[in-house]
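Colleague: Next comes protein28.pdb, PDB, C-alpha atoms:
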ATOM      1  CA  MET B   1       0.000   0.000   0.000  1.00  0.00           C
ATOM      2  CA  ASP B   2       1.478   3.335  -1.061  1.00  0.00           C
ATOM      3  CA  LEU B   3       1.099   6.167   1.395  1.00  0.00           C
ATOM      4  CA  CYS B   4      -0.046   9.433  -0.118  1.00  0.00           C
ATOM      5  CA  TRP B   5      -1.703  12.665   0.921  1.00  0.00           C
ATOM      6  CA  LYS B   6      -5.143  11.011   1.088  1.00  0.00           C
ATOM      7  CA  TYR B   7      -4.018   8.874   4.044  1.00  0.00           C
ATOM      8  CA  GLU B   8      -2.818  11.923   5.991  1.00  0.00           C
ATOM      9  CA  LEU B   9      -5.712  14.404   5.628  1.00  0.00           C
ATOM     10  CA  GLN B  10      -9.144  14.300   7.209  1.00  0.00           C
ATOM     11  CA  LEU B  11     -12.106  16.335   5.975  1.00  0.00           C
ATOM     12  CA  LEU B  12     -11.743  18.387   9.156  1.00  0.00           C
ATOM     13  CA  ASP B  13      -8.301  19.500   7.957  1.00  0.00           C
ATOM     14  CA  LEU B  14      -9.742  21.174   4.853  1.00  0.00           C
ATOM     15  CA  PRO B  15     -11.360  24.627   4.835  1.00  0.00           C
ATOM     16  CA  GLU B  16     -15.170  24.500   4.937  1.00  0.00           C
ATOM     17  CA  ASN B  17     -15.444  26.378   1.639  1.00  0.00           C
ATOM     18  CA  ALA B  18     -13.184  23.844  -0.125  1.00  0.00           C
ATOM     19  CA  ARG B  19     -14.500  21.287  -2.575  1.00  0.00           C
ATOM     20  CA  LEU B  20     -13.287  17.942  -3.828  1.00  0.00           C
ATOM     21  CA  GLU B  21     -13.104  16.918  -7.465  1.00  0.00           C
ATOM     22  CA  VAL B  22     -14.783  13.524  -7.941  1.00  0.00           C
ATOM     23  CA  THR B  23     -14.052  11.668 -11.199  1.00  0.00           C
ATOM     24  CA  CYS B  24     -15.465   8.287 -12.206  1.00  0.00           C
ATOM     25  CA  LEU B  25     -12.719   5.884 -13.249  1.00  0.00           C
ATOM     26  CA  LYS B  26     -15.104   3.958 -15.514  1.00  0.00           C
ATOM     27  CA  CYS B  27     -16.996   6.623 -17.500  1.00  0.00           C
ATOM     28  CA  SER B  28     -15.002   9.791 -16.597  1.00  0.00           C
ATOM     29  CA  ASP B  29     -18.055  11.629 -15.197  1.00  0.00           C
ATOM     30  CA  PHE B  30     -16.839  14.638 -13.213  1.00  0.00           C
ATOM     31  CA  ARG B  31     -18.358  16.631 -10.371  1.00  0.00           C
ATOM     32  CA  TYR B  32     -17.441  18.770  -7.377  1.00  0.00           C
ATOM     33  CA  GLU B  33     -18.450  17.843  -3.811  1.00  0.00           C
ATOM     34  CA  PRO B  34     -18.375  20.684  -1.245  1.00  0.00           C
ATOM     35  CA  VAL B  35     -16.509  19.745   1.940  1.00  0.00           C
ATOM     36  CA  ASP B  36     -19.084  21.385   4.242  1.00  0.00           C
ATOM     37  CA  VAL B  37     -21.864  19.253   2.720  1.00  0.00           C
ATOM     38  CA  LEU B  38     -19.806  16.085   3.111  1.00  0.00           C
ATOM     39  CA  MET B  39     -19.163  16.875   6.773  1.00  0.00           C
ATOM     40  CA  THR B  40     -22.745  17.746   7.718  1.00  0.00           C
ATOM     41  CA  ASN B  41     -25.145  15.901   5.417  1.00  0.00           C
ATOM     42  CA  ARG B  42     -23.107  12.761   4.785  1.00  0.00           C
ATOM     43  CA  GLY B  43     -21.504  12.516   8.241  1.00  0.00           C
ATOM     44  CA  PHE B  44     -17.886  12.147   7.116  1.00  0.00           C
ATOM     45  CA  PRO B  45     -15.993  14.747   9.248  1.00  0.00           C
ATOM     46  CA  GLN B  46     -13.547  12.382  10.945  1.00  0.00           C
ATOM     47  CA  LEU B  47     -12.815  10.210   7.921  1.00  0.00           C
ATOM     48  CA  TYR B  48      -9.517  10.393   6.105  1.00  0.00           C
ATOM     49  CA  LEU B  49      -9.735  11.295   2.423  1.00  0.00           C
ATOM     50  CA  ASP B  50      -8.849   7.756   1.317  1.00  0.00           C
ATOM     51  CA  GLU B  51     -11.854   6.500   3.318  1.00  0.00           C
ATOM     52  CA  VAL B  52     -14.095   9.168   1.784  1.00  0.00           C
ATOM     53  CA  GLU B  53     -12.903   8.109  -1.677  1.00  0.00           C
ATOM     54  CA  THR B  54     -14.016   4.502  -1.099  1.00  0.00           C
ATOM     55  CA  LYS B  55     -17.555   5.706  -0.339  1.00  0.00           C
ATOM     56  CA  PHE B  56     -18.010   7.378  -3.739  1.00  0.00           C
ATOM     57  CA  ASN B  57     -19.491   5.552  -6.709  1.00  0.00           C
ATOM     58  CA  CYS B  58     -20.520   7.091 -10.025  1.00  0.00           C
ATOM     59  CA  ARG B  59     -23.862   8.865  -9.888  1.00  0.00           C
ATOM     60  CA  LEU B  60     -24.770   8.181 -13.528  1.00  0.00           C
ATOM     61  CA  TRP B  61     -27.488   5.622 -14.095  1.00  0.00           C
ATOM     62  CA  GLY B  62     -26.085   2.288 -15.190  1.00  0.00           C
ATOM     63  CA  CYS B  63     -22.450   3.091 -14.396  1.00  0.00           C
ATOM     64  CA  GLY B  64     -21.800   2.796 -10.651  1.00  0.00           C
ATOM     65  CA  GLY B  65     -18.025   2.812 -11.207  1.00  0.00           C
ATOM     66  CA  LYS B  66     -15.449   3.628  -8.540  1.00  0.00           C
ATOM     67  CA  CYS B  67     -14.465   7.277  -8.208  1.00  0.00           C
ATOM     68  CA  ARG B  68     -11.200   9.105  -7.570  1.00  0.00           C
ATOM     69  CA  ILE B  69     -11.079  12.289  -5.504  1.00  0.00           C
ATOM     70  CA  SER B  70      -8.587  15.120  -5.776  1.00  0.00           C
ATOM     71  CA  LEU B  71      -8.160  18.671  -4.580  1.00  0.00           C
ATOM     72  CA  PRO B  72      -8.657  21.336  -7.239  1.00  0.00           C
ATOM     73  CA  SER B  73      -5.616  23.405  -8.106  1.00  0.00           C
ATOM     74  CA  GLU B  74      -5.730  27.083  -7.186  1.00  0.00           C
ATOM     75  CA  ALA B  75      -3.086  27.951  -9.773  1.00  0.00           C
ATOM     76  CA  GLU B  76      -4.044  29.846 -12.892  1.00  0.00           C
ATOM     77  CA  THR B  77      -3.589  27.946 -16.103  1.00  0.00           C
ATOM     78  CA  GLU B  78      -2.720  29.370 -19.483  1.00  0.00           C
ATOM     79  CA  GLY B  79      -2.770  27.907 -22.929  1.00  0.00           C
ATOM     80  CA  PHE B  80       0.449  27.007 -24.701  1.00  0.00           C
ATOM     81  CA  GLN B  81       1.829  30.179 -26.242  1.00  0.00           C
ATOM     82  CA  GLY B  82       4.864  28.807 -28.029  1.00  0.00           C
ATOM     83  CA  GLY B  83       4.976  28.429 -31.743  1.00  0.00           C
ATOM     84  CA  LEU B  84       7.027  27.431 -34.728  1.00  0.00           C
ATOM     85  CA  THR B  85       9.428  29.929 -36.179  1.00  0.00           C
TER      86      THR B  85
END
Translate this structure into structure tokens?
Modeller:
Amino acid sequence: MDLCWKYELQLLDLPENARLEVTCLKCSDFRYEPVDVLMTNRGFPQLYLDEVETKFNCRLWGCGGKCRISLPSEAETEGFQGGLT
């Protein structure tokens, strides 16, 4: 078992206004889950992020695939601006 950041962080460690990116590994459906909703409505506050990840399945009808969670990047992204000379 590889240790990564998901084994070290609990939902309580994240800011309440944060959100998690949830991506289905089977059909690539993508959604955001707000941390405050996960802590209050779903009752996950003391779970580590790897445990939260195991509770997610795809929401699309007929898929039900496993999902991967990640933290969205706050960095600005820009398109490639290089070119051929």
Colleague: For B:Tyr32, which residue out of B:Phe44, B:Glu8, B:Phe56, B:Asp50 is the nearest one, using all atoms listed in the file?
Modeller: B:Phe56
Colleague: Give me the residues within 12 Å of B:Val52 as a list of chain:residue names, counting all atoms listed in the file and dropping any in the same chain fewer than 2 places off.
Modeller: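 Counting all atoms listed in the file, the residues come to B:Lys6, B:Tyr7, B:Leu9, B:Gln10, B:Leu11, B:Leu20, B:Val22, B:Glu33, B:Val35, B:Leu38, B:Met39, B:Arg42, B:Gly43, B:Phe44, B:Pro45, B:Gln46, B:Leu47, B:Tyr48, B:Leu49, B:Asp50, B:Thr54, B:Lys55, B:Phe56, B:Asn57, B:Lys66, B:Cys67, B:Arg68, B:Ile69, B:Ser70.
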Colleague: Quick one, how far is atom CA of B:Ser28 from atom CA of B:Leu60?
Modeller: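 So the answer is 10.4 Å.
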Colleague: What separation in Å, quoted to one decimal, exists between atom CA of B:Arg19 and atom CA of B:Glu53?
Modeller: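 Atom CA of B:Glu53 lies at a distance of 13.3 Å from atom CA of B:Arg19.
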Colleague: Which is closest to B:Val37 among B:Leu71, B:Ala18, B:Gly64, B:Glu51, if we use only C-alpha atoms?
Modeller: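 Smallest separation from B:Val37 among the options: B:Ala18.
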Colleague: Find, counting only C-alpha atoms, the residue in B:Ser73, B:Pro34, B:Gly65, B:Arg59 that gets nearest to B:Pro15.
Modeller: B:Pro34
Colleague: Go ahead and compute the interatomic distance for atom CA of B:Leu25 and atom CA of B:Cys63, in Å to one decimal.
Modeller: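 These two atoms are separated by 10.2 Å.
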Colleague: For a quick check of understanding, using only C-alpha atoms, which of B:Cys27, B:Cys4, B:Asp36, B:Leu12 has the smallest distance to B:Gly62?
Modeller: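 For B:Gly62, the nearest of the given residues is B:Cys27.
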